[in-house]
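**Q** Structure in C-alpha cells, see below.
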Amino acid sequence: MVEIRVEGVKKRFGKTVALAGVSLHVKPGELFAILGPSGCGKTTLLRIIAGFEYPDEGRVYFDGRDVTDMRPDERGAVMVFQNWALWPHMTVYDNIAYGLRIRKVPEDEIRKRVKRVLQLLGIEGLEHRYPHQLSGGQQQRVALARALVVEPKVLLLDEPLSNLDAKLRLRLRGEIRKLQRRLGITAIYVTHDQEEALAVADRVAVMHAGRIEQIGTPEEVYKYPRTLFTAVFLGKTSVLRGKVLRSDGDYVLVSVGSHRIKAMNCGVKEGDVAAVIIKAEAASLEPHDGATPIEGDVTVSMYIGSYVETRIAVNGQGEIIVNLPPAMRLQPGRRATLYLDPNLVYAFPYEAEEIRELAEEA
Amino acid sequence: MRATLRGVLARLRIQLEPSILVLLAIPLFYYTLFFLAPLGSILIYGFGFDWNLILTPHYFNLAPIGAPYFVSTIHGVHILVLRGVDLGVVLNSLVIAAAVTLASTVLGVAVALLTGLYDFPGRRIFAVLAFLPLLIAPFVNMYVIRRLYGYGFELNTFSWLLSRLGIPFGIAFDKQAGVIFAQTLAFYPIVYVNVVAALGALDATLVEQALNLGSRGFKLLRTIILPLIMPGILAGAMLVYILSLEDVAAPIIFNFKNVMAYQIYYFFQSVAAGVGKPYEAAALSIILLLAVVAPLVVVRKYLSLRYYARLARGAPRPLQRIRLGRRGLLAAYLLVLPIAVAAAAPQIGVVVLAFAHRWTGPLPNGVTLNNYVQLFAMPGAFRGIINSVEYTLASLPLILIIGFATAYVIARLHLPGMTALDALATLPLAIPGLVVAFGYFVFLHNLFRATLLDPLVYPGVALVIAYAARKSPFTVRSVYTGVISTPPELEEAAKCLGSKRSRVIRTIVIPLVWKSMLAGLLLSAIYVLSEVSVSITIGALGGDITSPNHAGPITFVILRLIQAGGVVGGTQPQAVAAAMATILMALEAIVLATISKGLLRRGQALVSF
Ligand SMILES: Nc1ncnc2c1ncn2[C@@H]1O[C@H](COP(=O)(O)OP(=O)(O)O)[C@@H](O)[C@H]1O
Ligand SMILES: [Mg+2]
C-alpha cells in the first residue's frame with residue numbers, strides 16, 4: 001500500500017492561481033477525500049498527483065519517492081475522470097482490458113480478471129456493448145472497473161459520481177468505499193459534495209481558493225472547524241455578528257443584539273467582534289442543560305421529510321436556519337424560542353470580506 | 001514565469017517522449033528542407049540581380065502610354081473594350097491584385113450576407129451558384145470567361161446575347177481588365193465561403209442583444225455583424241490577394257504577360273533551352289514574397305489552425321435568417337443574382353465545352369463525346385492522367401504523415417514555439433505557388449544536380465514533394481480540428497493506465513480521428529490533382545505533351561491543350577481540355593460533398609480553400 005505526500009505545491013494558469021501552496025499526507029490504504037467548492041483547485045491538485053500537470057513549485061512523493069518528474073504512465077496512479085473518459089470506439093470489455101494488455105497479461109488471464117471485476121461491480125453481461133449504449137450508472141462502473149482491474153497502487157477519483165442522480169450516487173459511493181477497503185488501495189476522492197466526502201472518507205481535506213483549510217476525520221472537520229471557512233462550509237449554517245462579552249476557556253459568551261449566545265471559542269477574546277456560526281442541527285425547541293435560548297419570528301418553514309427546515313428572523317440581527325423535528329412544525333409568523341447547543345455554535349474573529357464571499361458562494 | 005531550470009527540464013522530459021520527438025521532427029524536417037530552404041535559395045539568387053534595374057519602366061512604369069479603353073465595332077455592334085494601361089511588371093501585378101481583392105471582397109461579402117442573413121425564394125440557388133466557381137477547372141474556366149466576356153474577332157457571348165435582345169452595344173474585357181475581371185469571377189467565392197463560415201460561427205445571442213438595444217438594418221450590420229465577421233472577410237481577402245498574385249492562367253488566356261507570375265513562369269519556358277534568366281525570376285519571386293508577407297503579418301491569426309478550428313465548430317446557437325422584404329428582394333434579384341449568374345456561367349460553360357465540337361464564336365457548336373474519347377486516344381493526354389494519379393498517390397502518404405504529426409503536436413504539446421509551428425504549417429497556403437516552384441527549381445537543381453531530385457533530370461520526385469509541402473495544410477487543419485475536438489481525458493485515461501504516448505496515439509487517437517484524417521487527405525488529394533503553379537513549371541521540364549512519355553500532370557496537359565491551335569483528332573484541343581477539367585471538377589464536387597455530408601461538420605469543408 002502506498003503513502004502519498006504532497007509538499008508545498010503551487011500552480012497557476014496565467015493569472016489564475018489554482019493552487020496557492022498545498023501540502024498533505026495520505027496514509028497507506030486510506031480513503032482521503034478532498035472537499036471544496038467548485039473552482040477551488042481540486043481537479044488541478046489531483047492532476048498534479050496523477051502527473052498530467054507539472055507544479056510551478058512543490059513536490060509529490062509516493063512512498064517517499066519523488067515522482068514529480070515522472071510521467072503519468074511511470075507513476076502507477078490511476079485516475080477516474082469526472083466525465084469517465086470511456087473510449088467510445090471500444091467495447092466495455094476492451095475498455096477494461098486496456099490496462100491489462102499494456103501490462104502484457106495473457107488473454108485468458110485478462111478474460112478472467114475482466115469477468116471478476118465486472119462481477120464485483122455488478123455489471124456482468126455488458127462486455128460487448130459500447131459506452132454510448134450504457135446508462136450513466138453503468139458507464140461510471142465501467143470507468144471504475146477499468147481503473148480497478150489493474151489493481152492500482154493509487155486510485156484518484158475526480159468527482160466520480162457528480163454526473164449521476166441522487167439515489168445512484170448514494171449506492172455507488174458505498175460500493176466504492178467497500179471495494180477500496182477490500183483491495184487495499186490508497187485513494188484520493190475529490191468531491192464538492194460534503195455529505196459524500198464525510199460519508200466515505202477516512203479523512204477529509206477541506207479546500208478553499210487553492211489552499212487546504214483543514215485536514216481531519218469527518219467528525220473532526222465537522223465538529224471542530226479550525227477556520228471560519230470550514231465552519232461555514234460544512235453543514236447547513238447561519239452566520240450572525242456579535243461582540244465577545246466574556247471568554248471562559250473553551251467557550252465564549254457573545255452578545256448578538258439583545259441575545260447572549262454561548263459558543264465554542266475559535267480564536268476570539270473579550271471585546272472582539274465575532275462571527276457566530278450556527279449549525280442547523282444546533283437548535284431544539286426544548287430547553288436543556290447549557291443551551292442558549294434565542295428568540296425570533298418564524299419566516300419560512302419547509303417540510304423536507306425527516307425534518308422541517310425553519311428560518312427564524314432574530315430581532316434585526318439577520319436570519320438563522322435550523323432543522324426541527326417534523327412533529328414540532330412552527331407556522332410562519334409565529335414567535336418562537338429556540339435552544340442552541342453551544343457545542344455546535346462557533347465564534348470566529350469576524351472577517352467581513354470572507355463572510356461576504358462565502359454568502360455569495362452558498 | 002517562476003520556472004526553475006530543473007522544472008523546465010523535467011517538463012521537457014515529461015512531454016518529449018520518443019514518439020513525440022519523432023512527430024515533432026517530421027514537420028520541422030519537412031517544412032525546413034522542402035519549404036523554407038527552397039524559399040531561402042531564392043534569396044541567394046536574388047543577389048545575382050542588378051537591383052538598380054527594378055525602378056526602370058519595365059518593372060515600374062509610372063508614365064504609361066496607351067488608352068485604357070476603346071470602342072470597337074464587330075458585326076455592327078459597338079463594343080466597349082476595357083483594357084487598362086501597362087504599369088510595368090511589378091506594379092501591374094500589385095494593381096491587378098489590389099483590384100481583384102477589392103472587387104472580390106465587395107462581391108463575396110454582399111452575396112454571403114444576402115444568403116447568410118436573409119431568407120428569400122431562390123436563396124439556395126444563389127448559394128449553389130456562388131459556390132460553383134470553387135470547383136476549379138484550371139485554365140479552361142479562364143478560356144470560357146474569355147469566350148463569354150472577352151475580346152476577339154467575334155462577338156463574345158454576352159454582347160451577342162445583348163445584340164439578340166436588340167441592344168446594339170456590348171462590352172468586352174481584354175488584357176489587364178480581362179485578367180482583373182476573370183480573376184474576380186474565379187476568386188470571389190473564396191471570400192464568400194469564408195464569410196459564410198464566419199456567419200455560421202456567429203453566436204445568435206450577440207446579434208439578438210444588439211437587436212434588443214434597438215440596432216437595426218445598416219447600423220446593426222455596420223456596428224455588430226461586420227466587426228464580428230471581419231476575420232472571415234480578412235482571411236478570404238488575403239487568400240484572393242495571394243491567388244491573384246500567383247495566377248498565370250488569366251494572364252496567359254488574356255494575353256497579358258507583363259505580370260510577375262507570368263515572368264517567373266516564363267523562366268521555366270526558357271530554362272530548358274538554356275536561356276532562362278534566373279536572377280530576374282529570383283528578384284520577382286522576392287518581390288512577390290514581400291508583397292504577401294506584409295498583409296500576412298496582419299491577418300495571420302485568421303489563417304491559423306486555431307481560428308480555423310473555431311470556425312469549423314460553428315456557433316452553439318446559429319443565427320436565424322430574416323425574411324427579405326420586397327425592396328430587398330428586388331435589389332437581390334436585380335443586383336446580386338445577375339452577378340452570381342455571371343460568375344457561375346464559366347463553370348457551366350466548361351461543362352458545355354466538354355461536350356461541344358467547338359466553341360470559337362459566341363456559342364459552342366454541336367454535341368459530342370469525342371472529347372472524352374480523346375483523353376484516352378491522345379497519348380500525351382492519357383500520360384498526363386496517369387502521371388497525376390501516380391504523383392497524387394505518391395504524395396498522399398507524405399501528406400498523411402506530415403499532416404498527422406504536425407496537427408497532433410500543435411494540438412497536444414504544451415511548449416513554447418507551438419504558435420510558430422502553427423504558422424509554419426499554414427504558411428504554404430500563403431506563399432504564391434510560382435515562388436515555391438522557382439524555389440524548388442533552384443534548390444533541387446543546384447543541390448541535387450543530376451540526381452532524381454533534379455527537376456531537369458526527372459520532375460516527378462520534385463513534384464511529389466512540392467505537392468506534399470503545398471497541400472498538406474488541408475490535412476493538417478482537418479486533423480487538428482479532429483484532435484482538439486476529442487477530450488484530452490481520453491488520452492490521459494490511457495496514459496495513467498501505463499500507456500506510452502506511441503500506444504496512446506495508435507490505440508486511442510488514430511481510431512478517434514481517422515475520419516478527420518481521411519477528410520483532410522481527400523481534400524489534399526483534389527487540391528494536388530488541380531495544383532497549377534508547380535505543375536506547369538516544374539512539370540513542364542519533363543517533355544512536351546506531344547511526347548507520350550512526358551512527365552507533366554493533368555493541369556500541365558490542360559494548359560498545353562488550351563494553348564494549342566488547330567484541330568486535334570477531329571476536335572478543338574480546348575474542348576479536350578474542358579473534358580479533362582470536368583473530370584477534376586467532378587472529383588472536387590464528390591469530395592466536397594462527401595466531406596460536408598459524412599465526414600465532417602458542414603462549415604469545415606466550406607472554409608477549406
Ligand atoms: N487548464 C487550465 N487553464 C486555465 N485555467 C485553469 C485550467 N485548469 C484549471 N483552471 C482554473 O484553475 C482554478 C481551479 O480549477 P479546478 O482545479 O478545475 O477546480 P475544481 O476542480 O475544484 O473545480 C479555476 O479557476 C479554473 O478556472
Ligand atoms: Mg473539478
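Chain labels follow the order of the C-alpha cells: the first chain is A, the next B, and so on; residue numbering restarts at 1 in every chain, and ligands are counted from 1 in their shown order.
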Return as a VMD selection string every polymer residue, whether protein, DNA or RNA, with at least one atom no more than 6 Å from an atom of ligand 1; count only C-alpha atoms and all ligand atoms.
**A** chain A and resid 13 16 18 38 to 44
**Q** If we count only C-alpha atoms and set the cut-off at 12 Å, which residues sit around Leu344 in chain A, ignoring sequence neighbours fewer than 6 positions away in its own chain? Please answer as a PyMOL selection string.
**A** chain A and resi 222-225+231-232+234-238+251+261-266+276-284+291-292+322
**Q** At a cut-off of 7 Å, list the chain A residues touching chain B, using only C-alpha atoms, as a list in words.
**A**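 Interface list for chain A against chain B: Tyr54, Asp56, Asp69, Met70, Arg71, Pro72, Asp73, Glu74, Gly76, Ala77, Val78, Met79, Ala85, Leu86, Trp87, Gly99 and Ile102 of chain A.
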**Q** Applying 8 Å and only C-alpha atoms, which residues near Ala275 in chain A remain after dropping the ones on its own chain fewer than 2 positions away? List them as a list in words.
**A**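 Residues near the query, excluding close chain neighbours: Val239, Leu240, Arg241, Gly242, Val273, Ile277, Tyr346, Ala347, Phe348, Pro349, Tyr350 and Glu351 of chain A.
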**Q** Just want the 12 Å neighbourhood of Ala423 in chain B, counted on only C-alpha atoms, with same-chain residues fewer than 6 positions away dropped. Output as an mmCIF file with N, CA and C atoms, in the first residue's frame.
**A**
data_model
loop_
_atom_site.group_PDB
_atom_site.id
_atom_site.type_symbol
_atom_site.label_atom_id
_atom_site.label_comp_id
_atom_site.auth_asym_id
_atom_site.auth_seq_id
_atom_site.Cartn_x
_atom_site.Cartn_y
_atom_site.Cartn_z
ATOM 1 N N PRO B 27 7.465 17.491 -39.116
ATOM 2 C CA PRO B 27 7.173 18.776 -39.767
ATOM 3 C C PRO B 27 8.382 19.702 -39.778
ATOM 4 N N LEU B 28 9.178 19.673 -38.707
ATOM 5 C CA LEU B 28 10.336 20.566 -38.685
ATOM 6 C C LEU B 28 11.270 20.228 -39.842
ATOM 7 N N TYR B 31 9.225 20.820 -43.441
ATOM 8 C CA TYR B 31 8.993 22.212 -43.824
ATOM 9 C C TYR B 31 10.300 22.985 -43.937
ATOM 10 N N LEU B 296 0.132 39.495 -44.697
ATOM 11 C CA LEU B 296 0.026 38.221 -43.989
ATOM 12 C C LEU B 296 0.256 38.410 -42.502
ATOM 13 N N VAL B 297 1.210 39.260 -42.165
ATOM 14 C CA VAL B 297 1.501 39.503 -40.758
ATOM 15 C C VAL B 297 0.244 40.033 -40.067
ATOM 16 N N VAL B 299 -3.015 39.544 -40.972
ATOM 17 C CA VAL B 299 -4.166 38.632 -40.851
ATOM 18 C C VAL B 299 -3.765 37.202 -40.503
ATOM 19 N N ARG B 300 -2.499 36.999 -40.173
ATOM 20 C CA ARG B 300 -2.014 35.645 -39.942
ATOM 21 C C ARG B 300 -2.913 34.841 -39.000
ATOM 22 N N LYS B 301 -3.341 35.522 -37.929
ATOM 23 C CA LYS B 301 -4.156 34.874 -36.900
ATOM 24 C C LYS B 301 -5.364 34.168 -37.509
ATOM 25 N N TYR B 302 -5.915 34.810 -38.564
ATOM 26 C CA TYR B 302 -7.160 34.275 -39.117
ATOM 27 C C TYR B 302 -6.914 33.172 -40.137
ATOM 28 N N LEU B 303 -5.653 32.928 -40.426
ATOM 29 C CA LEU B 303 -5.351 31.778 -41.269
ATOM 30 C C LEU B 303 -4.821 30.640 -40.402
ATOM 31 N N SER B 304 -4.754 30.877 -39.074
ATOM 32 C CA SER B 304 -4.129 29.888 -38.200
ATOM 33 C C SER B 304 -5.059 28.706 -37.958
ATOM 34 N N LEU B 305 -4.460 27.638 -37.467
ATOM 35 C CA LEU B 305 -5.226 26.431 -37.167
ATOM 36 C C LEU B 305 -6.290 26.721 -36.114
ATOM 37 N N ARG B 306 -5.884 27.496 -35.127
ATOM 38 C CA ARG B 306 -6.802 27.758 -34.021
ATOM 39 C C ARG B 306 -8.083 28.440 -34.526
ATOM 40 N N TYR B 307 -7.882 29.470 -35.373
ATOM 41 C CA TYR B 307 -9.035 30.191 -35.884
ATOM 42 C C TYR B 307 -9.882 29.279 -36.761
ATOM 43 N N THR B 406 2.105 17.062 -37.610
ATOM 44 C CA THR B 406 2.019 18.490 -37.335
ATOM 45 C C THR B 406 0.802 18.812 -36.483
ATOM 46 N N ALA B 407 -0.341 18.282 -36.906
ATOM 47 C CA ALA B 407 -1.587 18.608 -36.206
ATOM 48 C C ALA B 407 -1.548 18.101 -34.772
ATOM 49 N N ILE B 410 0.871 20.179 -32.571
ATOM 50 C CA ILE B 410 0.379 21.524 -32.271
ATOM 51 C C ILE B 410 -0.806 21.451 -31.303
ATOM 52 N N GLY B 417 6.610 27.932 -28.675
ATOM 53 C CA GLY B 417 7.042 27.675 -30.047
ATOM 54 C C GLY B 417 5.982 26.986 -30.883
ATOM 55 N N LEU B 429 0.006 27.744 -47.558
ATOM 56 C CA LEU B 429 -1.217 28.271 -48.166
ATOM 57 C C LEU B 429 -1.022 29.699 -48.642
ATOM 58 N N ALA B 430 -0.077 30.392 -48.027
ATOM 59 C CA ALA B 430 0.022 31.825 -48.246
ATOM 60 C C ALA B 430 1.160 32.208 -49.180
ATOM 61 N N PRO B 473 -1.333 21.450 -45.723
ATOM 62 C CA PRO B 473 -2.100 22.236 -44.740
ATOM 63 C C PRO B 473 -3.580 21.836 -44.656
ATOM 64 N N VAL B 476 -3.486 19.000 -42.346
ATOM 65 C CA VAL B 476 -3.133 19.489 -41.005
ATOM 66 C C VAL B 476 -4.355 20.106 -40.334
ATOM 67 N N ARG B 477 -5.049 20.968 -41.063
ATOM 68 C CA ARG B 477 -6.204 21.661 -40.476
ATOM 69 C C ARG B 477 -7.298 20.681 -40.086
#
**Q** Name the closest residue to Ser247 in chain A among the candidates A:Ala209, A:Leu46, A:Val268, A:Ile215; distances are taken between atoms, counting only C-alpha atoms.
**A**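 Among the listed residues, the smallest separation from Ser247 in chain A belongs to A:Val268.
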